[in-house]
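What follows is one structure encoded as structure tokens, with my remarks underneath.
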Amino acid sequence: MISVVLLGAGNVATHLFKAFHASKEVEIKQWYNRSLKTIDKYKNKVEVTDDLSSLVLADIYILAVSDDAIEDLSMQLPFEDRLVVHTSGSTSLYAVDMKQKRGVFYPLQTFSKAADLNFTDVPICIEALKKADLPLLKQLAEAIGSKSNKVNSDQRQALHLAAVFVNNFTNQLYRMAHEITEMNGAEFDILKPLIKETANKIESLSPYLAQTGPALRNDKKTIKRHLKQLESDQHKDVYELLTKAIKKTHGIR
């Protein structure tokens with residue numbers, strides 16, 4: 001049984017709590033947040049506190065807080081030489097105060113409190129300053145059904161940057177597509193099978209080989225017609241930028 005103290009109450013912390021609570025291999029000893037109001041509804045399932053000085057001993061302390069808060073919070077912990085990890089994709093391992101055993105437990109997934117999440121679909125990127133601490137982080141990932149991936153800081157930060165492209169930027173493109181369909185009285189839901197197939201295709205093909213569309217075909221008439229259809233300057237800018245990027249990638253002039 002791995003004992004855990006969870007610190008923070010955002011989207012990542014909330015989903016981790018649910019996953020840990022459902023696991024027979026993890027004991028959540030305590031949940032800390034500076035505002036008890038956010039986590040008070042869980043007090044029948046776990047001991048909650050807003051007092052750092054009252055933190056109990058555990059195998060792992062997980063700082064599931066904003067990137068800017070990691071360093072300051074780790075410095076306030078009232079103990080030393082314990083395994084303290086953060087959940088950030090872009091923050092250095094060294095943001096955790098040096099008096100602790102430092103590590104990273106980064107779930108690479110998009111988190112929304114309102115959306116259920118199965119951690120078997122969540123890869124966990126693990127990193128530790130001391131090699132001896134890695135097995136425990138791997139064990140914790142496996143305890144919630146996740147696959148662990150040992151990465152270094154540069155690899156983790158590259159993955160986080162790439163995740164912005166495949167998730168945040170892609171979601172913004174979904175939003176633009178939604179606006180286009182709304183403006184023309186079309187149903188966005190009709191696009192959902194295409195969205196799913198586009199994602200499924202890269203299970204067997206590289207993104208390079210999976211590319212299709214008018215930019216790849218250098219279909220100038222269709223591109224010109226699309227640009228004329230677009231009413232928003234922002235939509236036009238994005239269309240032109242991505243069209244140029246596809247052409248450049250595939251050597252099309």
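All residue names refer to the structure tokens as shown: chains lettered A, B, ... in order, residues numbered from 1 in each chain, ligands numbered from 1 in order.
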According to DSSP computed on the backbone, where in stretch 63-233 of chain A is there strand (DSSP E or B)? Give the residues as a ChimeraX atom specification. /A:63,83-86,101-107,124-128,148-150
As a list of chain:residue names, please: the residues near A:Val4 (cut-off 9 Å, only C-alpha atoms, same-chain neighbours under 5 positions excluded).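 Here the qualifying residues turn out to be A:Phe20, A:Val26, A:Glu27, A:Ile28, A:Lys29, A:Gln30, A:Trp31, A:Leu57, A:Ala58, A:Asp59, A:Ile60, A:Tyr61, A:Ile62.
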Atom pair atom CA of A:Gln172 / atom CA of A:Lys220: separation (Å): 25.1 Å
Can you list, as a VMD selection string, all residues belonging to stretch 11-247 of chain A that DSSP tags as alpha helix (DSSP H)? chain A and resid 11 to 22 36 to 39 67 to 76 134 to 143 153 to 163 170 to 183 192 to 201 207 to 210 214 to 217 220 to 229 233 to 247
Residue nearest A:Val104 among A:Asp219, A:Asp133, A:Asp81, A:Asp116 (counting only C-alpha atoms): A:Asp133
